[in-house]
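What follows is coords_6.txt (compact mmCIF, C-alpha atoms and all ligand atoms).
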# COMPACT_ATOMS: atom_id res chain seq x y z
CA MET L 198 -24.87 4.27 34.58
CA ASN L 199 -22.25 4.92 31.95
CA ASN L 200 -23.66 5.23 28.45
CA GLN L 201 -20.40 6.26 26.90
CA ILE L 202 -19.51 4.30 23.77
CA ARG L 203 -15.92 3.11 23.81
CA ASN L 204 -13.62 1.62 21.19
CA ILE L 205 -13.67 -2.13 20.58
CA LYS L 206 -11.29 -4.29 22.62
CA GLY L 207 -8.02 -4.83 20.74
CA THR L 208 -8.35 -1.62 18.69
CA LYS L 209 -6.76 1.67 19.55
CA ASP L 210 -7.01 5.38 18.84
CA ILE L 211 -3.82 7.03 17.74
CA LEU L 212 -3.72 10.55 19.06
CA LEU L 213 -1.81 13.80 18.74
CA GLN L 214 1.95 13.33 18.85
CA GLU L 215 1.69 9.58 18.27
CA THR L 216 0.18 10.21 14.84
CA LEU L 217 3.39 12.05 13.94
CA VAL L 218 5.37 8.92 14.78
CA TRP L 219 3.10 6.92 12.46
CA GLN L 220 3.43 9.48 9.70
CA PHE L 221 7.20 9.36 10.10
CA ILE L 222 7.34 5.56 9.81
CA GLU L 223 4.97 5.44 6.87
CA SER L 224 6.92 8.13 5.02
CA GLN L 225 10.15 6.20 5.61
CA VAL L 226 8.56 3.02 4.22
CA HIS L 227 7.65 4.89 1.02
CA LEU L 228 11.12 6.38 0.65
CA PHE L 229 13.11 3.28 1.59
CA PHE L 230 11.13 0.71 -0.39
CA LYS L 231 11.21 2.84 -3.53
CA GLN L 232 15.01 2.81 -3.30
CA TYR L 233 14.80 -0.92 -4.05
CA GLY L 234 12.47 -0.35 -7.01
CA PHE L 235 9.22 -1.31 -5.27
CA GLU L 236 5.85 0.19 -6.22
CA GLU L 237 2.89 0.60 -3.91
CA ILE L 238 -0.23 -1.56 -4.18
CA ARG L 239 -3.50 -0.84 -2.33
CA THR L 240 -6.12 -3.55 -2.07
CA PRO L 241 -9.65 -3.39 -0.57
CA ALA L 242 -10.31 -3.71 3.17
CA PHE L 243 -12.51 -6.77 2.65
CA GLU L 244 -12.56 -9.70 0.27
CA ASN L 245 -14.51 -12.86 -0.40
CA THR L 246 -14.03 -15.17 2.58
CA ASN L 247 -13.04 -17.97 0.22
CA LEU L 248 -9.88 -16.15 -0.83
CA PHE L 249 -8.46 -16.52 2.68
CA ILE L 250 -9.69 -20.08 3.19
CA ARG L 251 -8.01 -21.15 -0.04
CA SER L 252 -4.76 -19.30 0.50
CA ILE L 253 -4.05 -19.26 4.23
CA GLY L 254 -5.48 -22.72 4.88
CA GLU L 255 -8.44 -23.97 6.86
CA GLN L 256 -6.36 -25.48 9.66
CA THR L 257 -4.56 -22.24 10.54
CA ASP L 258 -5.48 -20.18 13.59
CA ILE L 259 -6.30 -17.21 11.37
CA VAL L 260 -8.91 -19.01 9.29
CA SER L 261 -10.26 -21.35 11.93
CA LYS L 262 -10.86 -18.78 14.65
CA GLU L 263 -9.59 -15.26 14.04
CA MET L 264 -11.32 -13.87 10.97
CA TYR L 265 -13.93 -11.13 11.11
CA SER L 266 -16.39 -12.58 8.64
CA TRP L 267 -20.02 -11.84 7.89
CA ILE L 268 -22.70 -12.38 5.31
CA ASP L 269 -23.85 -9.12 3.75
CA GLN L 270 -27.38 -8.17 2.73
CA GLY L 271 -26.79 -9.73 -0.69
CA GLY L 272 -25.78 -13.07 0.81
CA ASN L 273 -22.06 -12.67 0.04
CA LYS L 274 -19.60 -14.24 2.46
CA LEU L 275 -17.09 -11.51 3.23
CA THR L 276 -14.06 -11.11 5.50
CA LEU L 277 -12.05 -8.14 6.73
CA LYS L 278 -8.52 -8.72 5.47
CA PRO L 279 -6.48 -10.66 8.10
CA GLU L 280 -3.29 -10.41 5.97
CA VAL L 281 -2.27 -8.87 2.68
CA THR L 282 -0.51 -11.58 0.64
CA ALA L 283 -3.74 -13.28 -0.45
CA SER L 284 -5.22 -9.99 -1.65
CA VAL L 285 -2.09 -9.08 -3.58
CA ALA L 286 -2.03 -12.53 -5.19
CA ARG L 287 -5.68 -12.11 -6.15
CA ALA L 288 -5.04 -8.66 -7.62
CA TYR L 289 -1.95 -9.95 -9.46
CA ILE L 290 -4.03 -12.65 -11.14
CA GLN L 291 -7.08 -10.48 -11.75
CA HIS L 292 -5.14 -7.65 -13.42
CA ASN L 293 -2.85 -9.94 -15.38
CA LEU L 294 0.21 -8.32 -13.84
CA GLY L 295 2.35 -11.34 -14.72
CA LYS L 296 1.69 -10.76 -18.41
CA LYS L 297 2.41 -7.06 -18.14
CA PHE L 298 5.74 -7.33 -16.32
CA SER L 299 8.09 -10.28 -15.92
CA ILE L 300 8.71 -9.22 -12.33
CA ASN L 301 6.33 -7.35 -10.01
CA LYS L 302 7.88 -5.75 -6.95
CA LEU L 303 5.06 -4.47 -4.78
CA TYR L 304 4.88 -2.93 -1.32
CA TYR L 305 1.97 -1.96 0.88
CA ILE L 306 0.94 -0.29 4.13
CA ASP L 307 -2.39 -1.65 5.31
CA SER L 308 -4.74 -2.31 8.22
CA LEU L 309 -5.46 -5.91 9.14
CA PHE L 310 -8.03 -7.56 11.38
CA ARG L 311 -7.65 -10.71 13.47
CA ARG L 312 -9.65 -11.74 16.49
CA GLU L 313 -6.58 -12.63 18.58
CA ARG L 314 -6.24 -12.33 22.34
CA PRO L 315 -5.17 -8.71 22.83
CA GLN L 316 -1.92 -8.06 24.72
CA LYS L 317 1.12 -5.81 24.43
CA GLY L 318 2.11 -5.81 20.75
CA ARG L 319 -0.95 -7.79 19.72
CA TYR L 320 -4.17 -6.13 18.60
CA ARG L 321 -7.34 -7.01 16.75
CA GLN L 322 -6.84 -4.20 14.29
CA PHE L 323 -3.19 -3.58 13.48
CA LYS L 324 -1.15 -2.15 10.69
CA GLN L 325 1.50 -3.81 8.57
CA PHE L 326 3.87 -2.74 5.89
CA GLY L 327 5.39 -5.33 3.64
CA ILE L 328 6.41 -6.44 0.20
CA GLU L 329 5.45 -9.09 -2.29
CA VAL L 330 7.69 -9.92 -5.25
CA VAL L 331 6.16 -12.09 -7.93
CA GLY L 332 8.24 -13.46 -10.80
CA SER L 333 11.66 -14.55 -9.57
CA SER L 334 12.47 -18.00 -8.23
CA PHE L 335 16.15 -17.19 -7.72
CA PRO L 336 17.93 -17.04 -4.37
CA GLU L 337 19.07 -13.46 -5.00
CA GLN L 338 15.41 -12.46 -4.75
CA ASP L 339 15.17 -14.06 -1.32
CA ALA L 340 18.35 -12.21 -0.30
CA GLU L 341 16.98 -8.89 -1.54
CA VAL L 342 13.69 -9.30 0.33
CA ILE L 343 15.39 -10.32 3.57
CA SER L 344 18.03 -7.60 3.35
CA LEU L 345 15.42 -4.93 2.64
CA ALA L 346 13.55 -5.83 5.83
CA TYR L 347 16.73 -6.08 7.88
CA ASN L 348 18.26 -2.88 6.53
CA PHE L 349 15.04 -0.95 7.08
CA TYR L 350 15.12 -1.74 10.81
CA LYS L 351 18.80 -0.86 10.96
CA PHE L 352 18.15 2.38 9.10
CA LEU L 353 15.54 3.29 11.72
CA GLY L 354 18.12 2.68 14.42
CA ILE L 355 16.77 -0.53 15.94
CA LYS L 356 19.44 -2.52 17.70
CA ASP L 357 19.43 -6.16 18.81
CA LEU L 358 17.94 -7.50 15.61
CA ARG L 359 17.75 -11.26 15.40
CA LEU L 360 17.23 -12.69 11.93
CA LYS L 361 16.04 -16.28 12.05
CA ILE L 362 15.95 -18.25 8.86
CA ASN L 363 15.07 -21.75 7.70
CA SER L 364 14.05 -23.65 4.62
CA ILE L 365 10.92 -25.75 4.62
CA GLY L 366 11.59 -27.04 1.09
CA SER L 367 9.01 -28.06 -1.45
CA LYS L 368 5.55 -29.44 -0.74
CA GLU L 369 6.81 -33.00 -1.16
CA SER L 370 9.69 -32.65 1.28
CA ARG L 371 7.41 -30.94 3.75
CA SER L 372 5.02 -33.82 3.61
CA LEU L 373 7.88 -36.30 4.23
CA TYR L 374 9.00 -34.19 7.16
CA LYS L 375 5.47 -33.95 8.55
CA ASP L 376 5.34 -37.76 8.65
CA ALA L 377 8.73 -37.96 10.35
CA LEU L 378 7.78 -35.37 12.95
CA TYR L 379 4.47 -37.12 13.56
CA LYS L 380 6.25 -40.44 14.11
CA TYR L 381 8.75 -38.80 16.45
CA LEU L 382 6.06 -37.08 18.53
CA LEU L 383 3.57 -39.95 18.69
CA PRO L 384 5.22 -41.72 21.67
CA TYR L 385 5.05 -38.41 23.59
CA LYS L 386 1.42 -37.81 22.67
CA ASN L 387 0.01 -38.08 26.18
CA LYS L 388 2.59 -35.65 27.52
CA LEU L 389 1.67 -32.94 25.02
CA SER L 390 -0.76 -30.11 25.75
CA THR L 391 -4.32 -30.50 24.47
CA LEU L 392 -3.62 -27.96 21.75
CA SER L 393 -0.51 -29.79 20.57
CA GLN L 394 -2.35 -33.11 20.65
CA LYS L 395 -4.89 -31.57 18.30
CA ARG L 396 -2.14 -30.15 16.11
CA LEU L 397 -0.43 -33.53 15.98
CA LYS L 398 -3.45 -34.70 14.02
CA THR L 399 -4.08 -31.60 11.90
CA ASN L 400 -0.64 -30.04 11.34
CA PRO L 401 2.27 -31.29 13.48
CA LEU L 402 4.54 -28.53 12.11
CA ARG L 403 2.63 -26.03 14.24
CA ILE L 404 3.82 -27.81 17.40
CA LEU L 405 7.32 -26.49 16.61
CA ASP L 406 6.04 -22.99 17.56
CA THR L 407 5.29 -24.06 21.13
CA LYS L 408 6.31 -21.82 24.03
CA ILE L 409 5.78 -24.57 26.64
CA ASP L 410 9.07 -25.63 28.27
CA PHE L 411 8.55 -29.39 28.41
CA GLU L 412 7.36 -29.44 24.82
CA ILE L 413 10.44 -27.47 23.79
CA GLU L 414 12.53 -30.10 25.55
CA ILE L 415 10.79 -32.93 23.71
CA LEU L 416 11.32 -31.08 20.42
CA ASN L 417 15.06 -30.66 21.01
CA GLN L 418 15.67 -34.19 19.72
CA ALA L 419 13.08 -33.96 16.93
CA PRO L 420 14.14 -34.40 13.31
CA HIS L 421 15.16 -31.24 11.41
CA ILE L 422 13.29 -30.20 8.30
CA LEU L 423 16.60 -29.27 6.61
CA ASP L 424 17.46 -32.99 6.55
CA TYR L 425 14.32 -33.65 4.52
CA ILE L 426 14.51 -31.02 1.82
CA ASN L 427 15.78 -32.04 -1.63
CA LYS L 428 19.17 -31.19 -3.17
CA GLU L 429 17.82 -28.34 -5.26
CA ASP L 430 16.12 -26.66 -2.30
CA ARG L 431 19.23 -27.15 -0.18
CA GLU L 432 21.35 -25.46 -2.86
CA HIS L 433 18.86 -22.63 -3.08
CA PHE L 434 19.01 -22.17 0.68
CA ASP L 435 22.82 -22.26 0.76
CA LEU L 436 22.96 -19.59 -1.94
CA VAL L 437 20.58 -17.37 0.05
CA LEU L 438 22.85 -17.77 3.09
CA ASN L 439 25.96 -17.00 1.01
CA LEU L 440 24.37 -13.81 -0.29
CA LEU L 441 23.41 -12.75 3.24
CA ASP L 442 27.04 -13.37 4.26
CA SER L 443 28.24 -11.10 1.45
CA LEU L 444 25.80 -8.45 2.62
CA LYS L 445 27.18 -8.88 6.16
CA ILE L 446 23.76 -9.74 7.51
CA LYS L 447 23.96 -12.06 10.49
CA TYR L 448 21.39 -14.84 10.77
CA ILE L 449 20.54 -17.79 12.93
CA ILE L 450 19.34 -20.98 11.26
CA ASP L 451 16.31 -21.97 13.29
CA HIS L 452 15.11 -25.53 12.64
CA LYS L 453 11.86 -24.83 14.41
CA LEU L 454 10.89 -21.87 12.26
CA VAL L 455 8.21 -23.10 9.88
CA ARG L 456 5.74 -20.15 9.91
CA GLY L 457 2.06 -20.77 10.46
CA LEU L 458 0.54 -20.34 7.02
CA ASP L 459 0.02 -23.13 4.51
CA TYR L 460 1.29 -21.29 1.48
CA TYR L 461 4.96 -20.96 2.42
CA CYS L 462 7.75 -23.03 0.83
CA LYS L 463 11.57 -23.00 0.72
CA THR L 464 12.97 -19.92 2.52
CA VAL L 465 11.12 -18.70 5.61
CA PHE L 466 12.40 -16.02 7.97
CA GLU L 467 11.54 -13.84 10.92
CA ILE L 468 13.21 -10.78 12.41
CA GLN L 469 12.92 -10.45 16.16
CA ASN L 470 13.81 -7.84 18.73
CA ASN L 471 14.58 -8.40 22.42
CA LYS L 472 12.65 -5.39 23.62
CA LEU L 473 9.27 -6.79 22.66
CA GLY L 474 8.70 -9.45 25.31
CA SER L 475 6.61 -12.44 24.28
CA GLN L 476 5.42 -10.85 21.02
CA ASP L 477 8.99 -10.45 19.80
CA ALA L 478 8.53 -10.84 16.04
CA LEU L 479 8.97 -7.58 14.16
CA CYS L 480 8.33 -9.18 10.81
CA GLY L 481 8.01 -12.51 9.11
CA GLY L 482 7.94 -13.81 5.61
CA GLY L 483 9.02 -16.36 3.09
CA ARG L 484 8.58 -17.88 -0.34
CA TYR L 485 5.18 -18.87 -1.63
CA ASP L 486 5.85 -20.34 -5.06
CA TYR L 487 2.55 -22.25 -5.29
CA LEU L 488 0.05 -19.65 -4.11
CA ILE L 489 -0.63 -17.87 -7.40
CA GLU L 490 -1.31 -21.18 -9.12
CA GLU L 491 -3.49 -22.41 -6.27
CA LEU L 492 -5.61 -19.29 -6.62
CA GLY L 493 -6.13 -19.99 -10.33
CA GLY L 494 -3.30 -17.96 -11.87
CA LYS L 495 -0.50 -19.04 -14.18
CA PRO L 496 2.24 -20.52 -11.93
CA ALA L 497 4.55 -17.77 -10.67
CA PRO L 498 7.19 -17.91 -7.95
CA ALA L 499 6.84 -15.32 -5.20
CA ILE L 500 8.32 -14.15 -1.93
CA GLY L 501 7.44 -11.47 0.61
CA PHE L 502 7.30 -10.35 4.20
CA ALA L 503 4.89 -8.54 6.48
CA ALA L 504 5.91 -6.28 9.37
CA GLY L 505 3.81 -4.87 12.20
CA ILE L 506 3.95 -1.12 12.74
CA GLU L 507 2.72 -1.20 16.37
CA ARG L 508 5.61 -3.50 17.26
CA LEU L 509 8.08 -1.39 15.34
CA ILE L 510 7.00 1.63 17.39
CA LEU L 511 7.47 -0.38 20.60
CA ALA L 512 10.97 -1.35 19.48
CA LEU L 513 12.02 2.14 18.45
CA ASP L 514 13.84 4.25 20.97
CA LEU L 515 11.75 7.29 20.34
CA ASN L 516 12.83 10.71 21.29
CA ASP L 517 9.40 12.34 21.42
CA GLU L 518 10.89 15.80 21.03
CA LYS L 519 11.79 14.92 17.46
CA PHE L 520 8.12 14.51 16.67
CA ILE L 521 6.73 17.72 18.08
CA GLN L 522 5.37 19.75 15.22
CA SER L 523 5.98 23.33 16.35
CA PRO L 524 4.47 26.16 14.31
CA ASP L 525 6.82 28.48 12.49
CA VAL L 526 4.53 31.41 13.19
CA TYR L 527 1.78 32.08 15.73
CA ILE L 528 -0.31 35.13 14.88
CA ILE L 529 -1.74 36.91 17.89
CA SER L 530 -4.75 39.04 16.98
CA LEU L 531 -6.69 41.43 19.20
CA GLY L 532 -10.09 42.57 17.91
CA GLU L 533 -12.23 41.74 14.88
CA GLN L 534 -10.24 43.72 12.38
CA ALA L 535 -6.99 42.17 13.53
CA ILE L 536 -8.53 38.69 13.16
CA GLN L 537 -9.35 39.48 9.54
CA HIS L 538 -5.76 40.56 8.90
CA SER L 539 -4.38 37.53 10.71
CA LEU L 540 -6.27 35.14 8.40
CA VAL L 541 -5.04 36.92 5.26
CA ILE L 542 -1.43 37.07 6.50
CA ALA L 543 -1.53 33.39 7.53
CA GLU L 544 -2.76 32.29 4.08
CA SER L 545 -0.05 34.29 2.39
CA LEU L 546 2.75 32.87 4.60
CA ARG L 547 1.54 29.31 4.10
CA LYS L 548 1.23 29.71 0.35
CA ASN L 549 4.33 31.78 -0.38
CA GLN L 550 6.78 30.71 2.32
CA ASN L 551 5.56 27.16 3.09
CA LEU L 552 5.31 27.96 6.78
CA ILE L 553 3.21 26.32 9.49
CA VAL L 554 1.06 29.18 10.74
CA ILE L 555 -1.46 29.20 13.59
CA THR L 556 -4.06 31.92 14.03
CA GLU L 557 -6.15 32.68 17.12
CA MET L 558 -9.62 31.13 17.06
CA LEU L 559 -10.80 31.72 20.63
CA ARG L 560 -10.55 35.55 20.84
CA ARG L 561 -8.41 35.21 23.95
CA SER L 562 -6.50 37.95 25.76
CA LEU L 563 -2.97 38.92 24.72
CA LYS L 564 -1.58 37.12 27.75
CA ALA L 565 -3.46 33.89 26.99
CA GLN L 566 -2.38 33.95 23.33
CA ILE L 567 1.27 34.46 24.26
CA LYS L 568 0.99 31.58 26.67
CA ASP L 569 -0.40 29.38 23.92
CA ALA L 570 2.36 30.40 21.48
CA ASN L 571 4.92 29.41 24.13
CA ARG L 572 3.17 26.12 24.81
CA LEU L 573 3.34 25.28 21.11
CA ASN L 574 6.95 26.41 20.95
CA ALA L 575 6.32 28.75 18.02
CA GLU L 576 9.47 30.10 16.42
CA TYR L 577 7.96 33.50 15.62
CA VAL L 578 5.01 35.42 16.99
CA ILE L 579 3.27 38.10 14.95
CA ILE L 580 1.23 40.55 17.00
CA ILE L 581 -1.63 42.56 15.52
CA GLY L 582 -3.26 44.92 18.03
CA GLU L 583 -4.97 48.30 17.83
CA ASP L 584 -1.75 50.30 17.56
CA GLU L 585 -0.44 48.06 14.83
CA LEU L 586 -3.66 48.41 12.85
CA LYS L 587 -3.43 52.17 13.08
CA ASN L 588 0.14 52.07 11.75
CA GLN L 589 -0.61 49.36 9.13
CA GLU L 590 2.14 47.19 10.57
CA VAL L 591 2.71 44.16 12.77
CA ILE L 592 5.21 43.25 15.44
CA ILE L 593 7.28 40.19 14.64
CA LYS L 594 9.00 38.57 17.58
CA ASN L 595 11.70 35.94 17.23
CA MET L 596 10.91 33.77 20.25
CA ASN L 597 14.34 32.11 20.46
CA LYS L 598 16.32 35.32 20.30
CA GLY L 599 13.77 37.44 22.16
CA GLU L 600 14.17 40.19 19.53
CA GLN L 601 11.24 42.04 18.03
CA ILE L 602 10.72 44.37 15.13
CA ALA L 603 7.84 46.37 13.56
CA ILE L 604 7.18 45.46 9.92
CA PRO L 605 4.65 47.05 7.54
CA PHE L 606 1.83 44.78 6.33
CA ASP L 607 3.18 44.58 2.80
CA LYS L 608 6.68 43.55 3.93
CA ILE L 609 5.70 40.57 6.10
CA ASN L 610 6.26 38.04 3.33
CA SER L 611 9.70 39.29 2.46
CA TYR L 612 10.70 39.22 6.14
CA PHE L 613 10.26 35.42 6.08
CA VAL L 614 12.16 34.82 2.84
CA LYS L 615 15.09 32.70 3.90
P1 LIG L 701 2.08 -12.45 10.23
O1 LIG L 701 1.22 -11.79 9.19
O2 LIG L 701 1.29 -13.19 11.27
O3 LIG L 701 3.20 -13.23 9.63
O4 LIG L 701 2.75 -11.28 11.07
C1 LIG L 701 3.73 -10.44 10.53
C2 LIG L 701 4.01 -9.34 11.53
O5 LIG L 701 2.83 -8.56 11.73
C3 LIG L 701 4.38 -9.82 12.93
O6 LIG L 701 5.75 -10.07 12.99
C4 LIG L 701 3.96 -8.64 13.78
O7 LIG L 701 4.94 -7.62 13.73
C5 LIG L 701 2.72 -8.15 13.08
N1 LIG L 701 1.49 -8.71 13.68
C6 LIG L 701 0.89 -9.88 13.42
N2 LIG L 701 -0.24 -10.03 14.14
C7 LIG L 701 -0.37 -8.92 14.88
C8 LIG L 701 -1.33 -8.44 15.84
N3 LIG L 701 -2.40 -9.16 16.16
N4 LIG L 701 -1.12 -7.23 16.41
C9 LIG L 701 -0.05 -6.48 16.08
N5 LIG L 701 0.87 -6.87 15.20
C10 LIG L 701 0.73 -8.06 14.60
Reformat the file's structure so that it appears as structure tokens.
Amino acid sequence: MNNQIRNIKGTKDILLQETLVWQFIESQVHLFFKQYGFEEIRTPAFENTNLFIRSIGEQTDIVSKEMYSWIDQGGNKLTLKPEVTASVARAYIQHNLGKKFSINKLYYIDSLFRRERPQKGRYRQFKQFGIEVVGSSFPEQDAEVISLAYNFYKFLGIKDLRLKINSIGSKESRSLYKDALYKYLLPYKNKLSTLSQKRLKTNPLRILDTKIDFEIEILNQAPHILDYINKEDREHFDLVLNLLDSLKIKYIIDHKLVRGLDYYCKTVFEIQNNKLGSQDALCGGGRYDYLIEELGGKPAPAIGFAAGIERLILALDLNDEKFIQSPDVYIISLGEQAIQHSLVIAESLRKNQNLIVITEMLRRSLKAQIKDANRLNAEYVIIIGEDELKNQEVIIKNMNKGEQIAIPFDKINSYFVK
């Protein structure tokens, strides 16, 4: 019988070298997003369940079947965050950020939880980075958000980026379009899958996401949402496209892109990558001009995107070598007194020379310690044995050049001054 406790399905441990890849990506997010004037926001891991019902919408997959929700000992209905936008909107309202600044440009890196069917690129706990801009209704804001996402992937060296974009207009035009799509699909009702038949009743727009061939065929002749949006929204969309043209960002207008969540309006977009198989979306986002008001705040236009880190790692052509964190110095110590010296020398090199220094913790033989220093690809090895102690010196070996030199204890620091 196996009593071993294992991780939960759809979650994963990130180990050793892989953590360095994560650290690299997260550090790049901080650097890159700050270049555009964004500031970080961190919101709690769980919120009142109602926040997500009100913002994401009851009919969505996330709210209807994917949330990790529970009632705590105090009777509160709580949910582990399935996405970040709702929490940011809540925090924006709660802390009066709209009053403090006319525009809030926020970014985040956060863990999310959805009870989806796990597969490659799809987990039940996953991490996203993303941005939310609250305050501007202008098309240049859409262009900035989209170009930031696109340029970030390019900056990381991802090729084959596919930017898909669409406008779903205002609430009113969407409702007109919903009716038109419903009328178009009704004669095909019996041919549709059970899921799509259900969606035809609840939210026909979701049928546009279908991956089933014969449904795609039926949808080829379906009306386009762009023909239903009003003049103002059309002008907004055209301006966004013009700005993307000036920025030399290629896009595909995708009539079927409507995004799953209720709160989107006007511009919606997705960036995809060929390498990812069926879960090919690297990031997705759009405008959500009504959300703040719907959550009880003073009306404020907003736009953002969310991007999965697991999928980004899958899409990156990683040269693992780049991520090996080799020590600068490996101190080999033989005997108790040498161990004591090794700890003091290590502290001094870390503090004064900013070096990565490893000391021996297993009291192994000289041979075993040298083997370990080689395994870790240390640049220098410092050896402290009996002879060295007697002479109050150490041997410093440059592992790349194969040269070695005896240095007195009090000169070790200056040896490493670059
Ligand atoms: P969404 O919040 O659903 O719009 O997703 C935005 C991005 O987050 C997607 O394009 C993916 O990169 C990532 N993502 C969403 N759901 C998952 C998941 N279950 N596992 C891993 N990544 C995900």
What does the structure give for the distance between atom CA of Lys262 of chain L and atom CA of Ala478 of chain L, in Å to one decimal? 21.0 Å
Please give me, as a ChimeraX atom specification, the residues lying within 9 Å of ligand LIG 701 (chain L) when counting only C-alpha atoms and all ligand atoms. /L:207,259,279-282,309-327,456-458,467-469,476-482,502-509
Using all atoms listed in the file and a cutoff of 12 Å, can you tell me which residues are near (5.8, 27.5, 21.0) in the file's coordinates, and write them out as number ranges by chain? L: 521-528, 553-555, 566-578, 595-597
May I have the residues within 10 Å of Gly532 of chain L as a list in words, using only C-alpha atoms and disregarding those fewer than 6 positions away in the same chain?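 Once the adjacent positions are removed, what remains is Arg560, Arg561, Ser562, Ile581, Gly582 and Glu583 of chain L.
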With C-alpha atoms kept, could you save the residues just selected as a compact mmCIF listing (two decimals), in the coordinates of the input?
# COMPACT_ATOMS: atom_id res chain seq x y z
CA ARG L 560 -10.55 35.55 20.84
CA ARG L 561 -8.41 35.21 23.95
CA SER L 562 -6.50 37.95 25.76
CA ILE L 581 -1.63 42.56 15.52
CA GLY L 582 -3.26 44.92 18.03
CA GLU L 583 -4.97 48.30 17.83
Atom CA of Glu329 of chain L to atom CA of Gly501 of chain L: how many Å, to one decimal? 4.2 Å
Show me, as a VMD selection string, the residues that have an atom within 12 Å of Ser344 of chain L when counting all atoms listed in the file, minus same-chain residues fewer than 2 positions from it. chain L and resid 230 233 337 to 342 346 to 352 360 437 to 438 440 to 448 466 to 468 501 to 502
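Between Ser261 of chain L and the residues L:Ile409, L:Gln589, L:Phe249, L:Ser224, the shortest atom-to-atom distance, using only C-alpha atoms, involves L:Phe249.
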Have a look at atom CA of Lys615 of chain L and atom CA of Glu557 of chain L and let me know their distance in Å, one decimal.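 Atom CA of Lys615 of chain L sits 25.0 Å away from atom CA of Glu557 of chain L.
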L:Leu511, L:Ile609, L:Leu373, L:Leu552: which is nearest Leu473 of chain L, counting only C-alpha atoms? L:Leu511
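Counting all atoms listed in the file, Glu490 of chain L has the following residues at most 12 Å away, ignoring those fewer than 2 positions along the same chain: Arg251, Ser252, Ala283, Ala286, Arg287, Tyr289, Ile290, Gly295, Val331, Tyr460, Tyr485, Asp486, Tyr487, Leu488, Leu492, Gly493, Gly494, Lys495, Pro496, Ala497, Pro498 and Ala499 of chain L.
Of the listed residues L:Ile211, L:Ile306, L:Ile300, L:Val330, the one whose atoms come nearest to Pro241 of chain L is L:Ile306, with distances taken using all atoms listed in the file.
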Got a sec: who's within 6 Å of Ile592 of chain L, counting all atoms listed in the file, leaving out chain neighbours fewer than 3 positions off, as a ChimeraX atom specification? /L:579-580,602-603
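The shortest atom-to-atom distance to Phe229 of chain L, with all atoms listed in the file taken into account, belongs to L:Leu353 out of L:Leu353, L:Asp307, L:Lys548, L:Arg431.
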For a quick check of understanding, using all atoms listed in the file, which of L:Asp357, L:Asp451, L:Glu590, L:Glu533 has the smallest distance to Ile422 of chain L? L:Asp451
Taking (10.9, -38.2, 8.1) in the file's coordinates as the center, which residues reach within 12 Å of it, counting only C-alpha atoms, put as an mmCIF file with C-alpha atoms, keeping the file's coordinate frame?
data_model
loop_
_atom_site.group_PDB
_atom_site.id
_atom_site.type_symbol
_atom_site.label_atom_id
_atom_site.label_comp_id
_atom_site.auth_asym_id
_atom_site.auth_seq_id
_atom_site.Cartn_x
_atom_site.Cartn_y
_atom_site.Cartn_z
ATOM 1 C CA GLU L 369 6.810 -33.000 -1.160
ATOM 2 C CA SER L 370 9.690 -32.650 1.280
ATOM 3 C CA ARG L 371 7.410 -30.940 3.750
ATOM 4 C CA SER L 372 5.020 -33.820 3.610
ATOM 5 C CA LEU L 373 7.880 -36.300 4.230
ATOM 6 C CA TYR L 374 9.000 -34.190 7.160
ATOM 7 C CA LYS L 375 5.470 -33.950 8.550
ATOM 8 C CA ASP L 376 5.340 -37.760 8.650
ATOM 9 C CA ALA L 377 8.730 -37.960 10.350
ATOM 10 C CA LEU L 378 7.780 -35.370 12.950
ATOM 11 C CA TYR L 379 4.470 -37.120 13.560
ATOM 12 C CA LYS L 380 6.250 -40.440 14.110
ATOM 13 C CA TYR L 381 8.750 -38.800 16.450
ATOM 14 C CA LEU L 382 6.060 -37.080 18.530
ATOM 15 C CA ALA L 419 13.080 -33.960 16.930
ATOM 16 C CA PRO L 420 14.140 -34.400 13.310
ATOM 17 C CA HIS L 421 15.160 -31.240 11.410
ATOM 18 C CA ILE L 422 13.290 -30.200 8.300
ATOM 19 C CA LEU L 423 16.600 -29.270 6.610
ATOM 20 C CA ASP L 424 17.460 -32.990 6.550
ATOM 21 C CA TYR L 425 14.320 -33.650 4.520
ATOM 22 C CA ILE L 426 14.510 -31.020 1.820
#
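Closest to Leu345 of chain L among L:Ile328, L:Gln550, L:Phe298, L:Ile500 is L:Ile328, based on all atoms listed in the file.
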